[in-house]
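S.K.: Provided below: coords.csv, containing CSV, C-alpha atoms.
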```
chain,number,residue,atom,x,y,z
A,1,MET,CA,3.4,19.8,-10.2
A,2,PRO,CA,5.5,16.9,-11.5
A,3,VAL,CA,4.0,13.7,-12.8
A,4,TYR,CA,4.7,11.0,-10.2
A,5,GLN,CA,5.6,7.6,-11.6
A,6,PRO,CA,4.7,4.9,-9.2
A,7,ASN,CA,6.7,1.6,-9.2
A,8,ALA,CA,4.1,-0.8,-7.7
A,9,ILE,CA,0.5,-1.0,-6.4
A,10,VAL,CA,-1.1,-2.7,-3.5
A,11,GLY,CA,-4.8,-2.9,-2.7
A,12,ASN,CA,-8.0,-5.0,-2.4
A,13,SER,CA,-10.4,-3.5,-5.0
A,14,HIS,CA,-11.7,-0.9,-2.6
A,15,ILE,CA,-8.3,0.6,-1.6
A,16,LEU,CA,-5.6,1.3,-4.2
A,17,VAL,CA,-2.2,2.5,-3.0
A,18,THR,CA,0.7,3.3,-5.3
A,19,VAL,CA,4.3,3.0,-4.1
A,20,GLY,CA,7.5,4.5,-5.4
A,21,ALA,CA,10.9,2.8,-5.7
A,22,GLY,CA,11.9,4.1,-2.3
A,23,ALA,CA,8.7,2.9,-0.7
A,24,GLU,CA,7.1,6.4,-0.9
A,25,LEU,CA,3.4,6.2,-0.7
A,26,MET,CA,2.4,8.2,-3.7
A,27,SER,CA,-1.4,7.9,-3.7
A,28,PHE,CA,-4.1,6.4,-1.6
A,29,PHE,CA,-7.4,5.9,-3.3
A,30,CYS,CA,-10.3,5.1,-1.0
A,31,PRO,CA,-13.2,4.3,-0.6
A,32,HIS,CA,-13.1,3.8,-4.4
A,33,ILE,CA,-10.1,2.9,-6.5
A,34,ASP,CA,-10.6,5.9,-8.8
A,35,PHE,CA,-11.7,8.6,-6.4
A,36,PRO,CA,-10.8,10.3,-4.1
A,37,GLN,CA,-7.0,10.3,-3.9
A,38,ASN,CA,-6.4,11.2,-0.3
A,39,LEU,CA,-2.6,11.5,0.0
A,40,HIS,CA,-0.2,14.2,-1.4
A,41,GLU,CA,3.0,12.7,0.1
A,42,GLY,CA,3.7,9.7,2.2
A,43,MET,CA,7.5,9.3,2.5
A,44,PRO,CA,9.6,7.3,5.0
A,45,ALA,CA,12.9,8.7,6.1
A,46,VAL,CA,15.8,8.0,8.6
A,47,TYR,CA,17.5,10.6,10.7
A,48,PHE,CA,21.1,10.0,11.5
A,49,PRO,CA,22.3,11.9,14.6
A,50,ALA,CA,25.4,14.0,14.8
A,51,GLU,CA,28.7,12.2,15.2
A,52,GLY,CA,31.9,14.0,15.9
A,53,SER,CA,32.1,17.1,13.8
A,54,SER,CA,29.3,16.0,11.4
A,55,ARG,CA,25.8,17.4,11.8
A,56,GLY,CA,22.7,15.3,12.1
A,57,ARG,CA,21.0,14.6,8.8
A,58,LEU,CA,17.5,13.5,7.7
A,59,VAL,CA,17.7,11.1,4.7
A,60,TRP,CA,14.6,10.4,2.7
A,61,THR,CA,14.5,6.9,1.3
A,62,PHE,CA,14.4,8.2,-2.3
A,63,ASP,CA,17.8,9.8,-1.7
A,64,SER,CA,20.6,8.6,-3.9
A,65,SER,CA,22.5,7.3,-0.8
A,66,TRP,CA,20.1,4.4,-0.6
A,67,GLU,CA,20.3,1.3,-2.8
A,68,SER,CA,16.8,0.1,-3.5
A,69,ARG,CA,15.4,-3.3,-4.6
A,70,GLN,CA,11.7,-4.0,-4.8
A,71,ARG,CA,9.7,-7.1,-5.5
A,72,TYR,CA,6.3,-8.7,-4.8
A,73,VAL,CA,6.5,-11.5,-2.2
A,74,GLY,CA,5.8,-14.6,-4.3
A,75,PRO,CA,2.5,-14.7,-6.3
A,76,THR,CA,0.8,-12.1,-4.2
A,77,ASN,CA,0.1,-8.4,-4.0
A,78,VAL,CA,2.3,-8.1,-1.0
A,79,LEU,CA,5.2,-5.7,-1.8
A,80,GLU,CA,8.7,-5.7,-0.3
A,81,THR,CA,11.2,-2.8,-0.6
A,82,GLN,CA,14.7,-3.5,0.5
A,83,LEU,CA,16.8,-0.4,1.2
A,84,SER,CA,20.5,-0.3,2.0
A,85,HIS,CA,22.2,3.0,3.1
A,86,GLY,CA,25.7,3.1,1.7
A,87,PRO,CA,27.3,5.6,4.1
A,88,THR,CA,26.2,3.9,7.3
A,89,GLY,CA,25.3,0.3,6.2
A,90,LEU,CA,21.8,0.5,7.8
A,91,ARG,CA,19.3,-1.8,6.1
A,92,LEU,CA,15.6,-1.1,6.0
A,93,CYS,CA,13.1,-3.6,4.7
A,94,ILE,CA,9.5,-2.2,4.2
A,95,THR,CA,6.6,-4.6,3.5
A,96,ASP,CA,3.3,-3.2,2.3
A,97,PHE,CA,-0.1,-4.8,1.8
A,98,VAL,CA,-3.8,-4.1,2.1
A,99,HIS,CA,-6.0,-6.4,4.0
A,100,ALA,CA,-7.8,-8.9,1.9
A,101,SER,CA,-11.3,-7.5,2.6
A,102,GLU,CA,-11.0,-4.7,5.1
A,103,PRO,CA,-10.1,-1.0,4.4
A,104,LEU,CA,-6.8,-1.5,6.2
A,105,PHE,CA,-3.3,-0.6,4.9
A,106,VAL,CA,-0.4,-2.3,6.8
A,107,ARG,CA,3.3,-1.2,6.5
A,108,HIS,CA,5.9,-3.3,8.3
A,109,PHE,CA,9.4,-1.8,8.9
A,110,GLN,CA,12.3,-4.0,9.7
A,111,VAL,CA,15.6,-2.1,10.5
A,112,ALA,CA,18.8,-4.1,10.7
A,113,ASN,CA,22.5,-3.4,11.5
A,114,PRO,CA,24.7,-5.8,9.4
A,115,THR,CA,27.9,-3.8,10.3
A,116,ASP,CA,30.4,-4.5,13.1
A,117,ARG,CA,29.7,-1.3,15.0
A,118,PRO,CA,26.7,0.1,16.9
A,119,LEU,CA,24.2,2.2,14.9
A,120,ARG,CA,21.9,4.9,16.1
A,121,ALA,CA,19.2,6.5,14.1
A,122,LYS,CA,15.5,7.5,14.1
A,123,LEU,CA,12.9,6.1,11.7
A,124,PHE,CA,10.2,8.4,10.5
A,125,GLN,CA,7.0,8.1,8.4
A,126,TYR,CA,5.6,11.3,7.0
A,127,LEU,CA,2.1,11.8,5.7
A,128,ASP,CA,0.7,14.9,3.9
A,129,LEU,CA,-3.0,14.0,3.9
A,130,GLN,CA,-5.5,15.7,1.6
A,131,LEU,CA,-8.6,13.7,2.3
A,132,GLY,CA,-11.3,14.0,-0.3
A,133,GLU,CA,-8.7,15.5,-2.7
A,134,VAL,CA,-9.1,18.7,-0.6
A,135,GLN,CA,-5.9,20.5,0.5
A,136,GLN,CA,-7.6,22.7,3.0
A,137,LYS,CA,-10.5,22.0,5.4
A,138,ASN,CA,-9.0,18.8,6.7
A,139,ALA,CA,-8.5,18.2,10.4
A,140,ILE,CA,-6.2,15.9,12.5
A,141,HIS,CA,-5.7,15.1,16.1
A,142,PHE,CA,-3.5,12.6,17.9
A,143,HIS,CA,-4.3,10.4,20.9
A,144,PRO,CA,-1.0,9.6,22.7
A,145,ASP,CA,-2.7,7.1,25.1
A,146,GLN,CA,-3.8,5.1,22.1
A,147,ASN,CA,-0.8,5.6,19.8
A,148,VAL,CA,-3.1,6.7,17.1
A,149,GLY,CA,-3.9,9.8,15.1
A,150,ALA,CA,-7.2,10.6,13.3
A,151,ALA,CA,-7.4,12.7,10.2
A,152,TYR,CA,-10.9,13.5,8.9
A,153,TRP,CA,-12.8,15.4,6.2
A,154,ARG,CA,-16.6,15.0,5.9
A,155,ASN,CA,-17.3,11.3,5.7
A,156,ILE,CA,-13.7,10.1,5.3
A,157,CYS,CA,-11.5,9.3,8.3
A,158,PHE,CA,-8.0,7.9,8.3
A,159,ALA,CA,-6.8,6.4,11.6
A,160,ILE,CA,-3.0,6.1,11.7
A,161,GLY,CA,-1.6,4.0,14.5
A,162,SER,CA,1.1,1.6,15.7
A,163,GLY,CA,1.8,-0.6,18.7
A,164,VAL,CA,4.5,1.8,19.9
A,165,LEU,CA,5.1,5.4,18.7
A,166,GLU,CA,8.0,7.1,20.4
A,167,ASP,CA,7.5,10.5,18.6
A,168,TYR,CA,4.7,12.2,16.8
A,169,GLY,CA,3.6,15.6,15.6
A,170,CYS,CA,0.6,17.1,13.8
A,171,GLY,CA,1.1,20.3,11.8
A,172,ARG,CA,0.5,22.3,8.6
A,173,ALA,CA,2.0,21.0,5.4
A,174,THR,CA,2.0,24.6,4.0
A,175,PRO,CA,5.6,25.5,3.0
A,176,GLY,CA,7.2,27.7,5.6
A,177,SER,CA,4.7,26.8,8.3
A,178,PRO,CA,6.5,26.7,11.7
A,179,THR,CA,4.4,23.7,12.7
A,180,SER,CA,5.1,21.6,9.6
A,181,ALA,CA,5.8,18.0,10.6
A,182,LYS,CA,8.2,17.7,7.7
A,183,GLN,CA,10.2,20.7,8.9
A,184,GLN,CA,10.3,19.2,12.4
A,185,MET,CA,11.7,16.0,11.0
A,186,GLU,CA,14.8,17.9,9.7
A,187,GLN,CA,15.7,18.5,13.4
A,188,GLY,CA,15.5,14.8,14.3
A,189,HIS,CA,12.5,15.2,16.6
A,190,LEU,CA,8.8,16.2,16.4
A,191,ASN,CA,7.0,18.8,18.4
A,192,ARG,CA,4.2,16.5,19.7
A,193,GLN,CA,1.5,18.9,18.6
A,194,LEU,CA,-1.8,17.2,19.2
A,195,GLU,CA,-4.1,18.7,16.6
A,196,GLU,CA,-4.3,21.0,13.6
A,197,ILE,CA,-6.8,22.1,10.9
A,198,GLY,CA,-6.4,23.2,7.3
A,199,ASP,CA,-3.5,21.9,5.2
A,200,ILE,CA,-2.6,19.2,7.6
A,201,ASP,CA,0.3,16.8,7.9
A,202,LEU,CA,1.5,14.2,10.4
A,203,ALA,CA,4.8,12.5,11.2
A,204,VAL,CA,5.5,9.6,13.5
A,205,GLY,CA,8.9,8.2,14.6
A,206,TRP,CA,10.7,5.4,16.3
A,207,GLU,CA,14.1,5.5,18.0
A,208,VAL,CA,16.6,2.9,16.6
A,209,SER,CA,19.7,1.8,18.6
A,210,LEU,CA,21.2,-1.4,17.2
A,211,ALA,CA,24.2,-3.5,18.2
A,212,PRO,CA,26.1,-5.3,15.4
A,213,GLY,CA,23.8,-7.9,13.9
A,214,GLU,CA,20.7,-6.7,15.7
A,215,ARG,CA,17.4,-5.8,14.1
A,216,VAL,CA,14.1,-4.3,15.2
A,217,ALA,CA,10.6,-4.1,13.7
A,218,HIS,CA,7.7,-1.6,13.8
A,219,ASP,CA,4.3,-1.5,12.2
A,220,LEU,CA,2.3,1.4,10.8
A,221,ILE,CA,-1.5,0.7,10.2
A,222,ILE,CA,-3.9,3.0,8.4
A,223,GLY,CA,-7.6,2.1,8.9
A,224,VAL,CA,-10.3,3.9,6.9
A,225,ASP,CA,-13.9,4.4,7.6
A,226,SER,CA,-16.7,7.0,7.5
A,227,ASP,CA,-16.2,8.1,11.1
A,228,GLU,CA,-13.4,8.2,13.6
A,229,ARG,CA,-14.6,5.6,16.1
A,230,ALA,CA,-15.0,2.9,13.4
A,231,ALA,CA,-11.6,3.8,11.8
A,232,VAL,CA,-9.8,3.6,15.2
A,233,GLU,CA,-11.5,0.4,16.0
A,234,ARG,CA,-10.1,-1.1,12.8
A,235,VAL,CA,-6.6,-0.1,13.8
A,236,GLU,CA,-7.0,-1.5,17.3
A,237,ALA,CA,-8.3,-4.8,16.0
A,238,ALA,CA,-5.4,-5.1,13.5
A,239,ARG,CA,-2.9,-4.4,16.3
A,240,GLN,CA,-4.4,-7.2,18.4
A,241,MET,CA,-4.2,-9.6,15.4
A,242,GLY,CA,-0.6,-8.8,14.8
A,243,TRP,CA,1.3,-8.3,11.6
A,244,GLU,CA,2.1,-11.9,10.9
A,245,THR,CA,-1.6,-13.0,11.1
A,246,LEU,CA,-2.7,-10.1,8.9
A,247,LEU,CA,0.0,-11.1,6.4
A,248,ARG,CA,-1.0,-14.8,6.3
A,249,TRP,CA,-4.6,-13.8,5.8
A,250,THR,CA,-3.7,-11.6,2.9
A,251,VAL,CA,-1.4,-14.1,1.3
A,252,SER,CA,-4.1,-16.8,1.4
A,253,ARG,CA,-6.6,-14.5,-0.3
A,254,TRP,CA,-4.2,-14.1,-3.3
A,255,GLU,CA,-3.4,-17.8,-3.4
A,256,GLU,CA,-7.1,-18.5,-3.6
A,257,HIS,CA,-7.4,-16.0,-6.4
A,258,LEU,CA,-4.7,-17.6,-8.5
A,259,ALA,CA,-6.0,-21.1,-7.9
A,260,GLN,CA,-9.0,-20.2,-10.2
A,261,ALA,CA,-6.7,-19.6,-13.2
A,262,LYS,CA,-6.5,-22.0,-16.1
A,263,PRO,CA,-3.1,-23.7,-16.1
A,264,LEU,CA,-0.8,-23.0,-19.0
A,265,ARG,CA,2.1,-25.1,-20.3
A,266,ILE,CA,4.6,-22.2,-20.7
A,267,GLU,CA,8.0,-21.2,-19.5
A,268,GLN,CA,8.3,-20.2,-15.8
A,269,ASP,CA,9.1,-16.6,-16.6
A,270,LEU,CA,5.9,-16.3,-18.7
A,271,ARG,CA,3.9,-18.2,-16.1
A,272,ASP,CA,5.1,-15.6,-13.5
A,273,ALA,CA,4.1,-12.8,-15.8
A,274,TYR,CA,0.7,-14.4,-16.4
A,275,HIS,CA,0.1,-14.7,-12.6
A,276,ARG,CA,1.3,-11.1,-12.1
A,277,CYS,CA,-1.2,-9.8,-14.6
A,278,LEU,CA,-4.1,-11.7,-12.9
A,279,LEU,CA,-3.0,-10.2,-9.6
A,280,ALA,CA,-2.6,-6.7,-10.8
A,281,ILE,CA,-5.8,-6.5,-12.8
A,282,ASP,CA,-7.9,-7.7,-9.9
A,283,LEU,CA,-6.7,-4.5,-8.0
A,284,LEU,CA,-8.1,-2.4,-10.9
A,285,ALA,CA,-11.5,-4.0,-11.0
A,286,ASP,CA,-14.4,-2.5,-9.1
A,287,PRO,CA,-16.5,-5.4,-7.7
A,288,ASP,CA,-19.4,-3.1,-6.8
A,289,THR,CA,-19.9,-1.5,-10.2
A,290,GLY,CA,-18.3,-4.0,-12.5
A,291,SER,CA,-16.1,-1.4,-14.3
A,292,ILE,CA,-12.4,-1.7,-14.9
A,293,LEU,CA,-9.8,1.0,-14.2
A,294,ALA,CA,-7.3,1.5,-17.0
A,295,ALA,CA,-4.5,2.4,-14.5
A,296,PRO,CA,-4.0,4.1,-11.1
A,297,GLU,CA,-4.0,7.8,-11.9
A,298,PHE,CA,-0.5,9.4,-11.8
A,299,ASP,CA,-1.2,12.5,-13.9
A,300,PRO,CA,-4.3,14.0,-12.2
A,301,PHE,CA,-3.9,17.4,-13.8
A,302,PHE,CA,-3.4,16.1,-17.3
A,303,GLU,CA,0.0,17.7,-17.7
A,304,ARG,CA,1.6,15.0,-19.7
A,305,SER,CA,-1.3,12.8,-20.7
A,306,GLY,CA,-5.1,12.7,-20.7
A,307,GLY,CA,-5.1,10.8,-17.4
A,308,TYR,CA,-5.5,7.1,-17.0
A,309,GLY,CA,-7.6,6.7,-13.8
A,310,TYR,CA,-10.9,6.0,-15.7
A,311,CYS,CA,-12.7,3.2,-17.4
A,312,TRP,CA,-12.5,3.1,-21.2
A,313,PRO,CA,-15.1,0.6,-22.5
A,314,ARG,CA,-12.7,-0.5,-25.2
A,315,ASP,CA,-9.9,-1.2,-22.7
A,316,ALA,CA,-12.2,-2.9,-20.2
A,317,VAL,CA,-13.6,-5.2,-22.9
A,318,GLU,CA,-10.1,-6.4,-23.9
A,319,VAL,CA,-9.3,-7.0,-20.2
A,320,CYS,CA,-12.5,-8.9,-19.5
A,321,LEU,CA,-12.3,-11.1,-22.5
A,322,ALA,CA,-8.7,-12.1,-21.6
A,323,LEU,CA,-9.8,-12.8,-18.0
A,324,GLU,CA,-12.7,-14.9,-19.2
A,325,ALA,CA,-10.2,-17.0,-21.3
A,326,ALA,CA,-8.1,-17.3,-18.2
A,327,GLY,CA,-10.9,-18.8,-16.1
A,328,TYR,CA,-12.5,-15.7,-14.6
A,329,PRO,CA,-15.8,-15.1,-16.4
A,330,HIS,CA,-17.4,-13.0,-13.7
A,331,TYR,CA,-15.4,-9.9,-14.7
A,332,LEU,CA,-17.2,-9.8,-18.0
A,333,ASP,CA,-20.6,-10.6,-16.5
A,334,ARG,CA,-20.2,-7.6,-14.2
A,335,PHE,CA,-18.8,-5.3,-16.8
A,336,LEU,CA,-21.7,-6.0,-19.3
A,337,SER,CA,-24.2,-5.2,-16.5
A,338,TRP,CA,-22.3,-1.9,-16.0
A,339,ALA,CA,-22.4,-1.3,-19.8
A,340,CYS,CA,-26.2,-1.7,-19.9
A,341,ARG,CA,-26.6,0.9,-17.2
A,342,THR,CA,-24.2,3.4,-18.8
A,343,GLN,CA,-25.3,3.2,-22.5
A,344,ARG,CA,-26.5,6.5,-23.8
A,345,GLN,CA,-30.1,6.9,-25.0
A,346,GLU,CA,-28.7,7.4,-28.5
A,347,GLY,CA,-27.2,4.0,-28.3
A,348,TYR,CA,-23.4,4.6,-28.0
A,349,TRP,CA,-20.9,4.6,-25.1
A,350,GLU,CA,-18.8,7.6,-24.1
A,351,GLN,CA,-15.0,7.8,-24.5
A,352,ARG,CA,-14.4,7.1,-20.8
A,353,TYR,CA,-16.1,7.0,-17.4
A,354,TRP,CA,-15.6,7.2,-13.7
A,355,LEU,CA,-16.1,3.7,-12.3
A,356,SER,CA,-19.5,4.8,-11.0
A,357,GLY,CA,-20.7,5.1,-14.6
A,358,GLN,CA,-20.6,8.9,-14.7
A,359,ARG,CA,-19.0,10.4,-17.7
A,360,GLY,CA,-15.3,11.2,-17.2
A,361,PRO,CA,-13.5,14.3,-18.6
A,362,ALA,CA,-13.4,13.7,-22.3
A,363,TRP,CA,-12.3,15.4,-25.5
A,364,CYS,CA,-14.4,13.3,-27.9
A,365,THR,CA,-18.0,14.4,-27.2
A,366,LYS,CA,-19.3,15.7,-30.6
A,367,GLU,CA,-21.0,13.4,-32.9
A,368,ASP,CA,-18.3,13.5,-35.5
A,369,THR,CA,-15.5,13.0,-33.0
A,370,LEU,CA,-16.9,10.0,-31.0
A,371,GLN,CA,-14.5,7.1,-30.6
A,372,ILE,CA,-16.6,4.5,-32.3
A,373,ASP,CA,-14.3,1.7,-31.1
A,374,GLN,CA,-15.6,2.2,-27.6
A,375,THR,CA,-19.2,1.3,-28.7
A,376,ALA,CA,-18.0,-1.4,-31.2
A,377,SER,CA,-15.9,-3.1,-28.5
A,378,VAL,CA,-18.9,-3.4,-26.1
A,379,LEU,CA,-21.1,-4.8,-28.9
A,380,PHE,CA,-18.4,-7.3,-29.8
A,381,ALA,CA,-18.1,-8.4,-26.2
A,382,MET,CA,-21.8,-8.9,-26.0
A,383,GLY,CA,-21.8,-11.1,-29.0
A,384,ARG,CA,-18.9,-13.1,-27.8
A,385,HIS,CA,-20.4,-13.6,-24.4
A,386,ALA,CA,-23.8,-14.6,-25.9
A,387,ARG,CA,-22.2,-17.3,-28.0
A,388,ALA,CA,-20.3,-18.6,-25.0
A,389,LEU,CA,-23.6,-18.9,-23.1
```
Represent the structure from my file as structure tokens, please.
M.R.:
Amino acid sequence: MPVYQPNAIVGNSHILVTVGAGAELMSFFCPHIDFPQNLHEGMPAVYFPAEGSSRGRLVWTFDSSWESRQRYVGPTNVLETQLSHGPTGLRLCITDFVHASEPLFVRHFQVANPTDRPLRAKLFQYLDLQLGEVQQKNAIHFHPDQNVGAAYWRNICFAIGSGVLEDYGCGRATPGSPTSAKQQMEQGHLNRQLEEIGDIDLAVGWEVSLAPGERVAHDLIIGVDSDERAAVERVEAARQMGWETLLRWTVSRWEEHLAQAKPLRIEQDLRDAYHRCLLAIDLLADPDTGSILAAPEFDPFFERSGGYGYCWPRDAVEVCLALEAAGYPHYLDRFLSWACRTQRQEGYWEQRYWLSGQRGPAWCTKEDTLQIDQTASVLFAMGRHARAL
């Protein structure tokens, strides 16, 4: 399996979603930002129907025919990906964010035709779900009357919905499966299969027919909860609020977060980087346990690295001391409480941990191989914090 390199993250400290340069959803951590990772693939695509002698073609947004630009919208954790398709001129703007406090991911598509000729296409979103990091034993079913699908495994349920869905299909992601939603997309239409179990996948689609200068918008909402009814209710409530209201709510949350920062008299580009650090780190901090994630995990099988989706006491100390200096002392307060709970009876701290405080997979467990800087860092932070008090 290749190592996936995400380009951006969105979240709210309980959900952490990584996004690729072509707006691919690469991972979806929930209900904790370190585990489980519930998504294998989450790729948007556009199907261009046959014209004249040419055949219809499905084009994934990571295809080289797209020009991609990506940015965060102002000083927020709202991500915008602008895609322009060279051969047809079609433009696709995808805005992603996670609700400020609810387990709710929102994806807003805006499709535009800047050319002087009509454009016809079909917009798809593909999801290969592996809830609980389990490839098999998942289940999914779709409710056409509600425009929502529900995927579930044990106590994790993803409700996937939209105001309007003109095509849909549940299937098996297993390569070669005749019901695979990805395989159906290659034909430009979905089989409208209502349910599947095992190695599940799902695709949804919208018809696009645009006159010159015209544009159209669609939303995709993913609500997460421990049971289907609650997850679906989250999606329905979000649809009633509307995309713009959800966006304003989220933007205000990040504005309030940055308002706490100590002002710095520095150049604008450095000030932007300072704010971006404060925004990104907050997505990696667990408010329930107090621990800090080193990075969203992008190498879960340790093929190229030892994995980064854990809490290193040393790294967490450096982050928390910096945040305290920036005007955010509560991160260090919470982390030191976590450290008191996780300290070993012998007095030291492990190399790395799950955010819950359980020991993470490590290669420094013998007494003569312990990473003593993990323990020294925590003691240093305790001393620094005590003097500050």
S.K.: What gap, in Å, lies between atom CA of A:Gln70 and atom CA of A:Cys320?
M.R.: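 Here the two named atoms are 28.7 Å from each other.
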S.K.: Provide the atom CA of A:Ala23 to atom CA of A:Tyr168 distance in Å, to one decimal place.
M.R.: 20.2 Å
S.K.: Given all atoms listed in the file as the basis, pick out the residue of A:Glu267, A:Glu24, A:Asp34, A:Asp167 nearest to A:Leu293.
M.R.: A:Asp34
S.K.: Produce a table with one row for each residue of stretch 101-137 of chain A that has an atom at most 9 Å from any atom of stretch 243-250 of chain A, each row naming the nearest atom pair and its distance in Å at one decimal; use all atoms listed in the file; arrange rows by chain and rising residue number; format as CSV.
M.R.:
```
residue,atom,partner,partner_atom,distance
A:Ser101,CA,A:Thr250,CA,8.6
A:Val106,CA,A:Trp243,CA,7.9
A:Arg107,CA,A:Trp243,CA,9.0
A:His108,CA,A:Trp243,CA,7.6
```
S.K.: Give me the residues near A:Glu195 as a list in words, where near means some atom within 9 Å (using all atoms listed in the file) and where sequence neighbours in that chain fewer than 2 positions away do not count.
M.R.: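 With the cut-off at 9 Å, the set is Ala139, Ile140, His141, Phe142, Gly169, Cys170, Gly171, Gln193 and Ile197 of chain A.
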S.K.: List every protein, DNA or RNA residue with an atom no more than 12 Å from (-22.5, -16.4, -22.6) in the file's coordinates, counting all atoms listed in the file, and format the result as a VMD selection string.
M.R.: chain A and resid 321 324 329 to 330 332 to 333 336 381 to 389
S.K.: Can you tell me, as an MDAnalysis selection string, what residues are no more than 10 Å from A:Asp201 when counting all atoms listed in the file, ignoring any on the same chain fewer than 6 positions away?
M.R.: chainID A and resid 39:42 126:130 138:140 151 169:174 179:182 195
S.K.: Can I get the selected residues back with C-alpha atoms, as an mmCIF file, in the coordinates of the input?
M.R.:
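part_21.cif, freshly written:
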```cif
data_model
loop_
_atom_site.group_PDB
_atom_site.id
_atom_site.type_symbol
_atom_site.label_atom_id
_atom_site.label_comp_id
_atom_site.auth_asym_id
_atom_site.auth_seq_id
_atom_site.Cartn_x
_atom_site.Cartn_y
_atom_site.Cartn_z
ATOM 1 C CA LEU A 39 -2.600 11.500 0.000
ATOM 2 C CA HIS A 40 -0.200 14.200 -1.400
ATOM 3 C CA GLU A 41 3.000 12.700 0.100
ATOM 4 C CA GLY A 42 3.700 9.700 2.200
ATOM 5 C CA TYR A 126 5.600 11.300 7.000
ATOM 6 C CA LEU A 127 2.100 11.800 5.700
ATOM 7 C CA ASP A 128 0.700 14.900 3.900
ATOM 8 C CA LEU A 129 -3.000 14.000 3.900
ATOM 9 C CA GLN A 130 -5.500 15.700 1.600
ATOM 10 C CA ASN A 138 -9.000 18.800 6.700
ATOM 11 C CA ALA A 139 -8.500 18.200 10.400
ATOM 12 C CA ILE A 140 -6.200 15.900 12.500
ATOM 13 C CA ALA A 151 -7.400 12.700 10.200
ATOM 14 C CA GLY A 169 3.600 15.600 15.600
ATOM 15 C CA CYS A 170 0.600 17.100 13.800
ATOM 16 C CA GLY A 171 1.100 20.300 11.800
ATOM 17 C CA ARG A 172 0.500 22.300 8.600
ATOM 18 C CA ALA A 173 2.000 21.000 5.400
ATOM 19 C CA THR A 174 2.000 24.600 4.000
ATOM 20 C CA THR A 179 4.400 23.700 12.700
ATOM 21 C CA SER A 180 5.100 21.600 9.600
ATOM 22 C CA ALA A 181 5.800 18.000 10.600
ATOM 23 C CA LYS A 182 8.200 17.700 7.700
ATOM 24 C CA GLU A 195 -4.100 18.700 16.600
#
```
S.K.: Excluding same-chain residues fewer than 3 positions from A:Ala322, what lies within 12 Å of it counting only C-alpha atoms, as a list in words?
M.R.: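 Listing them by chain and then by number gives Ala261, Lys262, Tyr274, Cys277, Leu278, Ile281, Asp315, Ala316, Val317, Glu318, Val319, Ala325, Ala326, Gly327, Tyr328, Pro329, His330, Tyr331, Leu332, Ala381 and Arg384 of chain A.
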S.K.: Store the residues picked out above, limited to C-alpha atoms, as a PDB file, keeping the file's coordinate frame.
M.R.:
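Produced file result22.pdb, reproduced below:
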```
ATOM      1  CA  ALA A 261      -6.700 -19.600 -13.200  1.00  0.00           C
ATOM      2  CA  LYS A 262      -6.500 -22.000 -16.100  1.00  0.00           C
ATOM      3  CA  TYR A 274       0.700 -14.400 -16.400  1.00  0.00           C
ATOM      4  CA  CYS A 277      -1.200  -9.800 -14.600  1.00  0.00           C
ATOM      5  CA  LEU A 278      -4.100 -11.700 -12.900  1.00  0.00           C
ATOM      6  CA  ILE A 281      -5.800  -6.500 -12.800  1.00  0.00           C
ATOM      7  CA  ASP A 315      -9.900  -1.200 -22.700  1.00  0.00           C
ATOM      8  CA  ALA A 316     -12.200  -2.900 -20.200  1.00  0.00           C
ATOM      9  CA  VAL A 317     -13.600  -5.200 -22.900  1.00  0.00           C
ATOM     10  CA  GLU A 318     -10.100  -6.400 -23.900  1.00  0.00           C
ATOM     11  CA  VAL A 319      -9.300  -7.000 -20.200  1.00  0.00           C
ATOM     12  CA  ALA A 325     -10.200 -17.000 -21.300  1.00  0.00           C
ATOM     13  CA  ALA A 326      -8.100 -17.300 -18.200  1.00  0.00           C
ATOM     14  CA  GLY A 327     -10.900 -18.800 -16.100  1.00  0.00           C
ATOM     15  CA  TYR A 328     -12.500 -15.700 -14.600  1.00  0.00           C
ATOM     16  CA  PRO A 329     -15.800 -15.100 -16.400  1.00  0.00           C
ATOM     17  CA  HIS A 330     -17.400 -13.000 -13.700  1.00  0.00           C
ATOM     18  CA  TYR A 331     -15.400  -9.900 -14.700  1.00  0.00           C
ATOM     19  CA  LEU A 332     -17.200  -9.800 -18.000  1.00  0.00           C
ATOM     20  CA  ALA A 381     -18.100  -8.400 -26.200  1.00  0.00           C
ATOM     21  CA  ARG A 384     -18.900 -13.100 -27.800  1.00  0.00           C
TER      22      ARG A 384
END
```
S.K.: Taking all atoms listed in the file into account, which of A:Gly198, A:Pro287, A:Pro300, A:Gly306 comes nearest A:Ile15?
M.R.: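 Looking only at the distances to A:Ile15, the closest residue turns out to be A:Pro287.
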S.K.: Using only C-alpha atoms, which residue out of A:Pro118, A:Gln260, A:Pro361, A:Asp288 lies closest to A:Leu323?
M.R.: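 The shortest atom-to-atom distance to A:Leu323 comes from A:Gln260.
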S.K.: Quick one, how far is atom CA of A:Pro175 from atom CA of A:Tyr152?
M.R.: 21.2 Å
S.K.: Using all atoms listed in the file, can you tell me which of A:Leu370, A:Val216, A:Leu355, A:Leu284 comes closest to A:Phe35?
M.R.: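 Closest to A:Phe35, using all atoms listed in the file: A:Leu355.
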S.K.: Between A:Arg239, A:Arg120, A:Lys137, A:His218, which residue has the minimum interatomic distance to A:Leu165, considering only C-alpha atoms?
M.R.: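 Of the candidates, the smallest distance to A:Leu165 is held by A:His218.
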S.K.: Which residue gives the smallest distance to A:Met43 among A:Ala238, A:Met26, A:Val17, A:Val10, with only C-alpha atoms counted?
M.R.: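 Of all the options, A:Met26 lies closest to A:Met43.
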S.K.: Compile the contact shell of A:Glu133 as a compact mmCIF listing (two decimals) with C-alpha atoms, keeping the file's coordinate frame: residues with an atom at most 6 Å away, counting only C-alpha atoms, same-chain residues fewer than 2 positions apart removed.
M.R.:
```
# COMPACT_ATOMS: atom_id res chain seq x y z
CA PRO A 36 -10.80 10.30 -4.10
CA GLN A 37 -7.00 10.30 -3.90
CA ASN A 38 -6.40 11.20 -0.30
CA GLN A 130 -5.50 15.70 1.60
CA LEU A 131 -8.60 13.70 2.30
```
